[in-house]
$ cat start.pdb   # PDB, N, CA and C atoms
ATOM      1  N   MET A   2      27.526   2.716  17.161
ATOM      2  CA  MET A   2      26.342   1.917  17.122
ATOM      3  C   MET A   2      25.596   2.209  15.819
ATOM      4  N   SER A   3      25.268   1.184  15.061
ATOM      5  CA  SER A   3      24.581   1.397  13.792
ATOM      6  C   SER A   3      23.072   1.317  13.987
ATOM      7  N   ALA A   4      22.362   1.993  13.109
ATOM      8  CA  ALA A   4      20.908   1.995  13.174
ATOM      9  C   ALA A   4      20.366   0.678  12.628
ATOM     10  N   THR A   5      19.223   0.297  13.129
ATOM     11  CA  THR A   5      18.562  -0.906  12.646
ATOM     12  C   THR A   5      17.846  -0.592  11.345
ATOM     13  N   HIS A   6      18.037  -1.432  10.351
ATOM     14  CA  HIS A   6      17.369  -1.277   9.066
ATOM     15  C   HIS A   6      16.297  -2.355   8.968
ATOM     16  N   ILE A   7      15.076  -1.945   8.735
ATOM     17  CA  ILE A   7      14.003  -2.918   8.563
ATOM     18  C   ILE A   7      13.387  -2.725   7.185
ATOM     19  N   GLY A   8      12.854  -3.807   6.646
ATOM     20  CA  GLY A   8      12.169  -3.735   5.367
ATOM     21  C   GLY A   8      10.677  -3.586   5.587
ATOM     22  N   VAL A   9      10.069  -2.647   4.903
ATOM     23  CA  VAL A   9       8.630  -2.428   5.002
ATOM     24  C   VAL A   9       8.047  -2.356   3.599
ATOM     25  N   HIS A  10       6.771  -2.707   3.491
ATOM     26  CA  HIS A  10       6.090  -2.588   2.205
ATOM     27  C   HIS A  10       5.725  -1.132   1.965
ATOM     28  N   VAL A  11       5.982  -0.678   0.759
ATOM     29  CA  VAL A  11       5.604   0.673   0.361
ATOM     30  C   VAL A  11       4.773   0.587  -0.914
ATOM     31  N   GLU A  12       3.836   1.509  -1.037
ATOM     32  CA  GLU A  12       2.995   1.582  -2.231
ATOM     33  C   GLU A  12       3.029   3.013  -2.746
ATOM     34  N   VAL A  13       3.235   3.168  -4.039
ATOM     35  CA  VAL A  13       3.259   4.493  -4.653
ATOM     36  C   VAL A  13       1.817   4.971  -4.807
ATOM     37  N   MET A  14       1.503   6.092  -4.161
ATOM     38  CA  MET A  14       0.137   6.610  -4.151
ATOM     39  C   MET A  14      -0.011   7.912  -4.940
ATOM     40  N   LEU A  15       1.007   8.298  -5.660
ATOM     41  CA  LEU A  15       0.979   9.521  -6.456
ATOM     42  C   LEU A  15       0.453   9.178  -7.844
ATOM     43  N   PRO A  16      -0.796   9.563  -8.182
ATOM     44  CA  PRO A  16      -1.399   9.146  -9.447
ATOM     45  C   PRO A  16      -0.585   9.508 -10.684
ATOM     46  N   GLU A  17       0.168  10.596 -10.633
ATOM     47  CA  GLU A  17       0.941  10.992 -11.812
ATOM     48  C   GLU A  17       2.261  10.223 -11.963
ATOM     49  N   SER A  18       2.573   9.370 -11.000
ATOM     50  CA  SER A  18       3.799   8.566 -11.084
ATOM     51  C   SER A  18       3.608   7.380 -12.022
ATOM     52  N   ALA A  19       4.645   7.054 -12.752
ATOM     53  CA  ALA A  19       4.627   5.856 -13.606
ATOM     54  C   ALA A  19       4.521   4.594 -12.754
ATOM     55  N   TYR A  20       4.811   4.703 -11.468
ATOM     56  CA  TYR A  20       4.786   3.564 -10.553
ATOM     57  C   TYR A  20       3.539   3.554  -9.668
ATOM     58  N   TYR A  21       2.516   4.321 -10.031
ATOM     59  CA  TYR A  21       1.295   4.434  -9.231
ATOM     60  C   TYR A  21       0.748   3.053  -8.887
ATOM     61  N   GLN A  22       0.489   2.828  -7.611
ATOM     62  CA  GLN A  22      -0.038   1.602  -7.016
ATOM     63  C   GLN A  22       0.945   0.437  -7.053
ATOM     64  N   ALA A  23       2.181   0.678  -7.442
ATOM     65  CA  ALA A  23       3.190  -0.372  -7.363
ATOM     66  C   ALA A  23       3.530  -0.596  -5.887
ATOM     67  N   VAL A  24       3.731  -1.854  -5.517
ATOM     68  CA  VAL A  24       4.066  -2.203  -4.142
ATOM     69  C   VAL A  24       5.432  -2.871  -4.151
ATOM     70  N   ASP A  25       6.285  -2.458  -3.231
ATOM     71  CA  ASP A  25       7.629  -3.016  -3.147
ATOM     72  C   ASP A  25       8.089  -2.944  -1.697
ATOM     73  N   VAL A  26       9.278  -3.425  -1.449
ATOM     74  CA  VAL A  26       9.869  -3.363  -0.111
ATOM     75  C   VAL A  26      10.969  -2.316  -0.124
ATOM     76  N   ALA A  27      10.986  -1.502   0.908
ATOM     77  CA  ALA A  27      12.037  -0.491   1.066
ATOM     78  C   ALA A  27      12.584  -0.588   2.485
ATOM     79  N   GLU A  28      13.831  -0.253   2.629
ATOM     80  CA  GLU A  28      14.437  -0.241   3.963
ATOM     81  C   GLU A  28      14.234   1.121   4.610
ATOM     82  N   THR A  29      14.235   1.088   5.924
ATOM     83  CA  THR A  29      14.091   2.326   6.678
ATOM     84  C   THR A  29      14.746   2.187   8.042
ATOM     85  N   GLU A  30      15.127   3.302   8.575
ATOM     86  CA  GLU A  30      15.582   3.383   9.960
ATOM     87  C   GLU A  30      14.491   4.047  10.797
ATOM     88  N   GLN A  31      13.397   4.471  10.129
ATOM     89  CA  GLN A  31      12.289   5.139  10.806
ATOM     90  C   GLN A  31      11.523   4.125  11.657
ATOM     91  N   PRO A  32      11.008   4.540  12.792
ATOM     92  CA  PRO A  32      10.211   3.632  13.631
ATOM     93  C   PRO A  32       8.787   3.505  13.085
ATOM     94  N   LEU A  33       8.530   2.456  12.308
ATOM     95  CA  LEU A  33       7.215   2.250  11.700
ATOM     96  C   LEU A  33       6.597   0.966  12.223
ATOM     97  N   ASP A  34       5.306   1.010  12.507
ATOM     98  CA  ASP A  34       4.571  -0.166  12.962
ATOM     99  C   ASP A  34       3.777  -0.747  11.810
ATOM    100  N   GLY A  35       3.663  -2.062  11.763
ATOM    101  CA  GLY A  35       2.867  -2.721  10.743
ATOM    102  C   GLY A  35       1.406  -2.315  10.833
ATOM    103  N   GLY A  36       0.729  -2.333   9.691
ATOM    104  CA  GLY A  36      -0.687  -2.013   9.661
ATOM    105  C   GLY A  36      -0.989  -0.525   9.661
ATOM    106  N   HIS A  37       0.025   0.311   9.661
ATOM    107  CA  HIS A  37      -0.173   1.755   9.619
ATOM    108  C   HIS A  37       0.166   2.251   8.221
ATOM    109  N   PHE A  38      -0.556   3.267   7.777
ATOM    110  CA  PHE A  38      -0.280   3.881   6.491
ATOM    111  C   PHE A  38       0.332   5.246   6.756
ATOM    112  N   CYS A  39       1.488   5.479   6.157
ATOM    113  CA  CYS A  39       2.200   6.727   6.384
ATOM    114  C   CYS A  39       2.609   7.350   5.058
ATOM    115  N   GLU A  40       2.599   8.659   5.032
ATOM    116  CA  GLU A  40       3.139   9.380   3.890
ATOM    117  C   GLU A  40       4.629   9.554   4.157
ATOM    118  N   VAL A  41       5.441   9.147   3.196
ATOM    119  CA  VAL A  41       6.889   9.205   3.378
ATOM    120  C   VAL A  41       7.545   9.850   2.166
ATOM    121  N   ARG A  42       8.761  10.257   2.336
ATOM    122  CA  ARG A  42       9.579  10.738   1.227
ATOM    123  C   ARG A  42      10.677   9.701   1.007
ATOM    124  N   MET A  43      10.750   9.211  -0.214
ATOM    125  CA  MET A  43      11.741   8.186  -0.559
ATOM    126  C   MET A  43      13.019   8.837  -1.060
ATOM    127  N   ASN A  44      14.112   8.061  -1.009
ATOM    128  CA  ASN A  44      15.336   8.524  -1.644
ATOM    129  C   ASN A  44      15.157   8.416  -3.153
ATOM    130  N   LEU A  45      16.125   8.829  -3.918
ATOM    131  CA  LEU A  45      16.009   8.809  -5.376
ATOM    132  C   LEU A  45      16.723   7.628  -6.014
ATOM    133  N   ASP A  46      17.314   6.764  -5.221
ATOM    134  CA  ASP A  46      18.074   5.618  -5.735
ATOM    135  C   ASP A  46      17.140   4.428  -5.911
ATOM    136  N   GLN A  47      16.657   4.178  -7.140
ATOM    137  CA  GLN A  47      15.715   3.093  -7.383
ATOM    138  C   GLN A  47      16.349   1.719  -7.217
ATOM    139  N   ALA A  48      17.665   1.639  -7.256
ATOM    140  CA  ALA A  48      18.338   0.357  -7.042
ATOM    141  C   ALA A  48      18.390   0.001  -5.556
ATOM    142  N   ASN A  49      18.210   0.996  -4.689
ATOM    143  CA  ASN A  49      18.248   0.790  -3.244
ATOM    144  C   ASN A  49      17.180   1.674  -2.594
ATOM    145  N   PRO A  50      15.886   1.322  -2.790
ATOM    146  CA  PRO A  50      14.834   2.200  -2.257
ATOM    147  C   PRO A  50      14.840   2.238  -0.733
ATOM    148  N   ARG A  51      14.835   3.461  -0.209
ATOM    149  CA  ARG A  51      14.855   3.670   1.232
ATOM    150  C   ARG A  51      13.902   4.807   1.580
ATOM    151  N   ILE A  52      13.282   4.673   2.744
ATOM    152  CA  ILE A  52      12.456   5.759   3.254
ATOM    153  C   ILE A  52      13.395   6.758   3.897
ATOM    154  N   GLY A  53      13.398   7.960   3.359
ATOM    155  CA  GLY A  53      14.284   8.989   3.874
ATOM    156  C   GLY A  53      13.653   9.813   4.981
ATOM    157  N   GLN A  54      12.337  10.008   4.886
ATOM    158  CA  GLN A  54      11.660  10.873   5.852
ATOM    159  C   GLN A  54      10.218  10.420   6.039
ATOM    160  N   LEU A  55       9.791  10.337   7.276
ATOM    161  CA  LEU A  55       8.405  10.054   7.620
ATOM    162  C   LEU A  55       7.687  11.394   7.715
ATOM    163  N   LEU A  56       6.690  11.622   6.844
ATOM    164  CA  LEU A  56       6.003  12.908   6.816
ATOM    165  C   LEU A  56       4.800  12.927   7.757
ATOM    166  N   GLN A  57       3.940  11.897   7.662
ATOM    167  CA  GLN A  57       2.772  11.849   8.543
ATOM    168  C   GLN A  57       2.077  10.501   8.410
ATOM    169  N   GLU A  58       1.366  10.117   9.452
ATOM    170  CA  GLU A  58       0.511   8.942   9.372
ATOM    171  C   GLU A  58      -0.808   9.384   8.755
ATOM    172  N   VAL A  59      -1.376   8.539   7.902
ATOM    173  CA  VAL A  59      -2.624   8.887   7.236
ATOM    174  C   VAL A  59      -3.681   7.827   7.516
ATOM    175  N   GLU A  60      -4.916   8.268   7.560
ATOM    176  CA  GLU A  60      -6.051   7.362   7.713
ATOM    177  C   GLU A  60      -6.559   7.041   6.319
ATOM    178  N   GLU A  61      -6.580   5.784   5.978
ATOM    179  CA  GLU A  61      -7.069   5.393   4.665
ATOM    180  C   GLU A  61      -8.508   4.920   4.777
ATOM    181  N   ASP A  62      -9.324   5.302   3.803
ATOM    182  CA  ASP A  62     -10.713   4.855   3.744
ATOM    183  C   ASP A  62     -10.727   3.447   3.157
ATOM    184  N   LEU A  63     -10.984   2.462   3.992
ATOM    185  CA  LEU A  63     -11.003   1.067   3.553
ATOM    186  C   LEU A  63     -12.407   0.584   3.202
ATOM    187  N   SER A  64     -13.379   1.501   3.152
ATOM    188  CA  SER A  64     -14.749   1.084   2.856
ATOM    189  C   SER A  64     -14.893   0.375   1.504
ATOM    190  N   PRO A  65     -14.127   0.712   0.447
ATOM    191  CA  PRO A  65     -14.260  -0.070  -0.791
ATOM    192  C   PRO A  65     -13.939  -1.556  -0.588
ATOM    193  N   PHE A  66     -13.016  -1.863   0.311
ATOM    194  CA  PHE A  66     -12.655  -3.255   0.587
ATOM    195  C   PHE A  66     -13.748  -3.945   1.395
ATOM    196  N   VAL A  67     -14.251  -3.245   2.405
ATOM    197  CA  VAL A  67     -15.333  -3.783   3.230
ATOM    198  C   VAL A  67     -16.568  -4.021   2.364
ATOM    199  N   ASN A  68     -16.898  -3.043   1.526
ATOM    200  CA  ASN A  68     -18.073  -3.165   0.664
ATOM    201  C   ASN A  68     -17.908  -4.299  -0.342
ATOM    202  N   ALA A  69     -16.710  -4.454  -0.895
ATOM    203  CA  ALA A  69     -16.466  -5.536  -1.858
ATOM    204  C   ALA A  69     -16.651  -6.891  -1.193
ATOM    205  N   LEU A  70     -16.111  -7.058   0.003
ATOM    206  CA  LEU A  70     -16.252  -8.327   0.717
ATOM    207  C   LEU A  70     -17.711  -8.591   1.079
ATOM    208  N   ARG A  71     -18.414  -7.543   1.482
ATOM    209  CA  ARG A  71     -19.832  -7.682   1.820
ATOM    210  C   ARG A  71     -20.635  -8.078   0.573
ATOM    211  N   THR A  72     -20.353  -7.454  -0.554
ATOM    212  CA  THR A  72     -21.057  -7.759  -1.802
ATOM    213  C   THR A  72     -20.774  -9.187  -2.257
ATOM    214  N   LEU A  73     -19.525  -9.595  -2.173
ATOM    215  CA  LEU A  73     -19.163 -10.945  -2.595
ATOM    216  C   LEU A  73     -19.790 -11.993  -1.671
ATOM    217  N   GLY A  74     -19.908 -11.676  -0.383
ATOM    218  CA  GLY A  74     -20.638 -12.510   0.550
ATOM    219  C   GLY A  74     -20.020 -13.836   0.916
ATOM    220  N   GLU A  75     -18.788 -14.053   0.548
ATOM    221  CA  GLU A  75     -18.100 -15.306   0.871
ATOM    222  C   GLU A  75     -16.604 -15.060   0.780
ATOM    223  N   PRO A  76     -15.801 -15.980   1.284
ATOM    224  CA  PRO A  76     -14.351 -15.813   1.110
ATOM    225  C   PRO A  76     -14.039 -15.610  -0.370
ATOM    226  N   ALA A  77     -13.134 -14.693  -0.648
ATOM    227  CA  ALA A  77     -12.867 -14.308  -2.033
ATOM    228  C   ALA A  77     -11.372 -14.212  -2.287
ATOM    229  N   THR A  78     -11.009 -14.328  -3.538
ATOM    230  CA  THR A  78      -9.616 -14.177  -3.940
ATOM    231  C   THR A  78      -9.290 -12.694  -4.089
ATOM    232  N   ILE A  79      -8.016 -12.409  -4.156
ATOM    233  CA  ILE A  79      -7.572 -11.031  -4.368
ATOM    234  C   ILE A  79      -8.142 -10.498  -5.675
ATOM    235  N   THR A  80      -8.127 -11.319  -6.713
ATOM    236  CA  THR A  80      -8.636 -10.893  -8.014
ATOM    237  C   THR A  80     -10.133 -10.597  -7.957
ATOM    238  N   GLN A  81     -10.901 -11.413  -7.237
ATOM    239  CA  GLN A  81     -12.338 -11.155  -7.099
ATOM    240  C   GLN A  81     -12.591  -9.832  -6.373
ATOM    241  N   ILE A  82     -11.824  -9.576  -5.331
ATOM    242  CA  ILE A  82     -11.974  -8.330  -4.575
ATOM    243  C   ILE A  82     -11.584  -7.148  -5.452
ATOM    244  N   GLN A  83     -10.479  -7.275  -6.172
ATOM    245  CA  GLN A  83     -10.026  -6.220  -7.084
ATOM    246  C   GLN A  83     -11.109  -5.918  -8.116
ATOM    247  N   THR A  84     -11.661  -6.945  -8.720
ATOM    248  CA  THR A  84     -12.691  -6.775  -9.751
ATOM    249  C   THR A  84     -13.924  -6.085  -9.191
ATOM    250  N   GLU A  85     -14.340  -6.465  -7.989
ATOM    251  CA  GLU A  85     -15.522  -5.859  -7.375
ATOM    252  C   GLU A  85     -15.268  -4.394  -7.025
ATOM    253  N   ILE A  86     -14.086  -4.062  -6.540
ATOM    254  CA  ILE A  86     -13.778  -2.661  -6.226
ATOM    255  C   ILE A  86     -13.814  -1.821  -7.496
ATOM    256  N   VAL A  87     -13.199  -2.310  -8.561
ATOM    257  CA  VAL A  87     -13.205  -1.577  -9.831
ATOM    258  C   VAL A  87     -14.644  -1.423 -10.335
ATOM    259  N   ARG A  88     -15.443  -2.484 -10.262
ATOM    260  CA  ARG A  88     -16.829  -2.428 -10.721
ATOM    261  C   ARG A  88     -17.641  -1.415  -9.927
ATOM    262  N   SER A  89     -17.489  -1.433  -8.600
ATOM    263  CA  SER A  89     -18.342  -0.594  -7.752
ATOM    264  C   SER A  89     -17.884   0.859  -7.658
ATOM    265  N   THR A  90     -16.581   1.104  -7.800
ATOM    266  CA  THR A  90     -16.086   2.478  -7.650
ATOM    267  C   THR A  90     -15.727   3.134  -8.979
ATOM    268  N   GLY A  91     -15.448   2.307  -9.977
ATOM    269  CA  GLY A  91     -14.998   2.855 -11.256
ATOM    270  C   GLY A  91     -13.546   3.289 -11.236
ATOM    271  N   ALA A  92     -12.885   3.096 -10.105
ATOM    272  CA  ALA A  92     -11.486   3.499  -9.962
ATOM    273  C   ALA A  92     -10.575   2.289 -10.093
ATOM    274  N   PRO A  93      -9.517   2.406 -10.869
ATOM    275  CA  PRO A  93      -8.599   1.281 -10.995
ATOM    276  C   PRO A  93      -7.823   1.053  -9.707
ATOM    277  N   ILE A  94      -7.541  -0.196  -9.418
ATOM    278  CA  ILE A  94      -6.694  -0.546  -8.284
ATOM    279  C   ILE A  94      -5.908  -1.791  -8.687
ATOM    280  N   SER A  95      -4.640  -1.801  -8.393
ATOM    281  CA  SER A  95      -3.801  -2.930  -8.799
ATOM    282  C   SER A  95      -4.005  -4.123  -7.869
ATOM    283  N   ARG A  96      -3.715  -5.285  -8.398
ATOM    284  CA  ARG A  96      -3.788  -6.511  -7.599
ATOM    285  C   ARG A  96      -2.842  -6.409  -6.405
ATOM    286  N   ALA A  97      -1.642  -5.859  -6.647
ATOM    287  CA  ALA A  97      -0.659  -5.706  -5.568
ATOM    288  C   ALA A  97      -1.178  -4.781  -4.477
ATOM    289  N   ALA A  98      -1.902  -3.727  -4.863
ATOM    290  CA  ALA A  98      -2.441  -2.803  -3.869
ATOM    291  C   ALA A  98      -3.513  -3.478  -3.020
ATOM    292  N   VAL A  99      -4.351  -4.304  -3.653
ATOM    293  CA  VAL A  99      -5.361  -5.050  -2.899
ATOM    294  C   VAL A  99      -4.685  -6.007  -1.937
ATOM    295  N   GLN A 100      -3.726  -6.765  -2.425
ATOM    296  CA  GLN A 100      -3.019  -7.738  -1.587
ATOM    297  C   GLN A 100      -2.332  -7.048  -0.420
ATOM    298  N   HIS A 101      -1.700  -5.910  -0.672
ATOM    299  CA  HIS A 101      -0.993  -5.171   0.371
ATOM    300  C   HIS A 101      -1.948  -4.788   1.504
ATOM    301  N   ARG A 102      -3.139  -4.321   1.175
ATOM    302  CA  ARG A 102      -4.096  -3.915   2.213
ATOM    303  C   ARG A 102      -4.645  -5.112   2.971
ATOM    304  N   LEU A 103      -4.880  -6.212   2.273
ATOM    305  CA  LEU A 103      -5.409  -7.391   2.942
ATOM    306  C   LEU A 103      -4.383  -8.012   3.889
ATOM    307  N   GLU A 104      -3.115  -7.820   3.602
ATOM    308  CA  GLU A 104      -2.063  -8.380   4.454
ATOM    309  C   GLU A 104      -1.705  -7.458   5.612
ATOM    310  N   SER A 105      -2.147  -6.198   5.567
ATOM    311  CA  SER A 105      -1.788  -5.229   6.606
ATOM    312  C   SER A 105      -2.587  -5.430   7.860
TER     313      SER A 105
END
$ encode --input "start.pdb" --output "structure tokens"
Amino acid sequence: MSATHIGVHVEVMLPESAYYQAVDVAETEQPLDGGHFCEVRMNLDQANPRIGQLLQEVEEDLSPFVNALRTLGEPATITQIQTEIVRSTGAPISRAAVQHRLES
């Protein structure tokens, strides 16, 4: 019996990585639920990214997103939300990272 392989969105959260905040799809056999943020260990094959190990589920502070939407006060584009987060926090965030959180 073979294991089920599912594709999940992954985001690189290691600031020292050249791929920081990059979002992509990786396959996994790990039991992961949508809308959850987990710390994982990836394999080293960039041509076939796979989640090798689930380390822990993490709670992410989404207040910058809530605050950006509240400040904008109306339906907004991903770029508008990204711009407001950067303006209010001073921290860079990629468009892909914003989109990934809004879709979760």
$ resolve_selection --input "start.pdb" --expression "the PyMOL selection byres ((chain A and resi 51-58) around 6.5)" --output "list in words"
Ala27, Glu28, Thr29, Glu30, Phe38, Cys39, Glu40, Val41, Arg42, Met43, Asn44, Asp46, Asn49, Pro50, Val59 and Glu60 of chain A
$ residues_around --input "start.pdb" --residues "Ser89 (chain A)" --least-positions-apart "4" --cutoff "8 Å" --atoms "all atoms listed in the file" --output "PyMOL selection string"
chain A and resi 65+69+83-85
$ residues_around --input "start.pdb" --residues "Ile82 (chain A)" --least-positions-apart "3" --cutoff "8 Å" --atoms "all atoms listed in the file" --output "PyMOL selection string"
chain A and resi 65-66+69-70+73+77-79+85-88+99
$ atom_distance --input "start.pdb" --atom1 "CA of Tyr21 (chain A)" --atom2 "CA of His101 (chain A)"
13.8 Å
$ select_by_dssp --input "start.pdb" --residues "chain A" --states "strand (DSSP E)" --output "list in words"
Ile7, Gly8, Val9, His10, Val11, Glu12, Val24, Asp25, Val26, Ala27, Glu28, Thr29, Phe38, Cys39, Glu40, Val41, Arg42, Met43, Ile52, Gly53, Gln54, Leu55, Leu56, Gln57, Glu58 and Val59 of chain A
$ resolve_selection --input "start.pdb" --expression "the PyMOL selection byres (((chain A and resi 8-10 and name CA) around 7) and name CA)" --output "PyMOL selection string"
chain A and resi 6-7+11-12+24-29
$ select_by_dssp --input "start.pdb" --residues "chain A" --states "alpha helix (DSSP H)" --output "count of residues only"
31
$ atom_distance --input "start.pdb" --atom1 "atom N of Gly74 (chain A)" --atom2 "atom C of Met14 (chain A)"
28.3 Å
$ atom_distance --input "start.pdb" --atom1 "CA of Ala23 (chain A)" --atom2 "atom C of Ala98 (chain A)"
8.6 Å
$ axis_aligned_box --input "start.pdb" --around "region 59-70 of chain A" --padding-each-side "8 Å" --output "AutoDock Vina command-line options"
--center_x -9.7 --center_y 0.1 --center_z 3.0 --size_x 32.7 --size_y 33.5 --size_z 25.8
$ decode --input "start.pdb" --residues "region 17-37 of chain A" --atoms "C-alpha atoms" --output "compact mmCIF listing (two decimals), in the first residue's frame"
# COMPACT_ATOMS: atom_id res chain seq x y z
CA GLU A 17 18.89 34.17 6.38
CA SER A 18 17.64 32.01 3.49
CA ALA A 19 17.92 33.32 -0.06
CA TYR A 20 14.34 32.06 -0.43
CA TYR A 21 12.94 33.97 2.59
CA GLN A 22 9.16 34.49 2.20
CA ALA A 23 9.08 32.52 -1.04
CA VAL A 24 5.88 30.48 -1.36
CA ASP A 25 5.69 27.24 -3.31
CA VAL A 26 3.98 23.86 -3.32
CA ALA A 27 5.63 20.82 -1.79
CA GLU A 28 4.44 17.25 -1.51
CA THR A 29 4.07 15.48 1.78
CA GLU A 30 2.87 12.26 3.28
CA GLN A 31 2.44 14.07 6.63
CA PRO A 32 -1.14 14.56 7.87
CA LEU A 33 -1.54 18.35 7.50
CA ASP A 34 -4.76 20.36 7.66
CA GLY A 35 -5.33 23.51 5.65
CA GLY A 36 -5.15 26.82 7.48
CA HIS A 37 -2.54 25.57 9.95
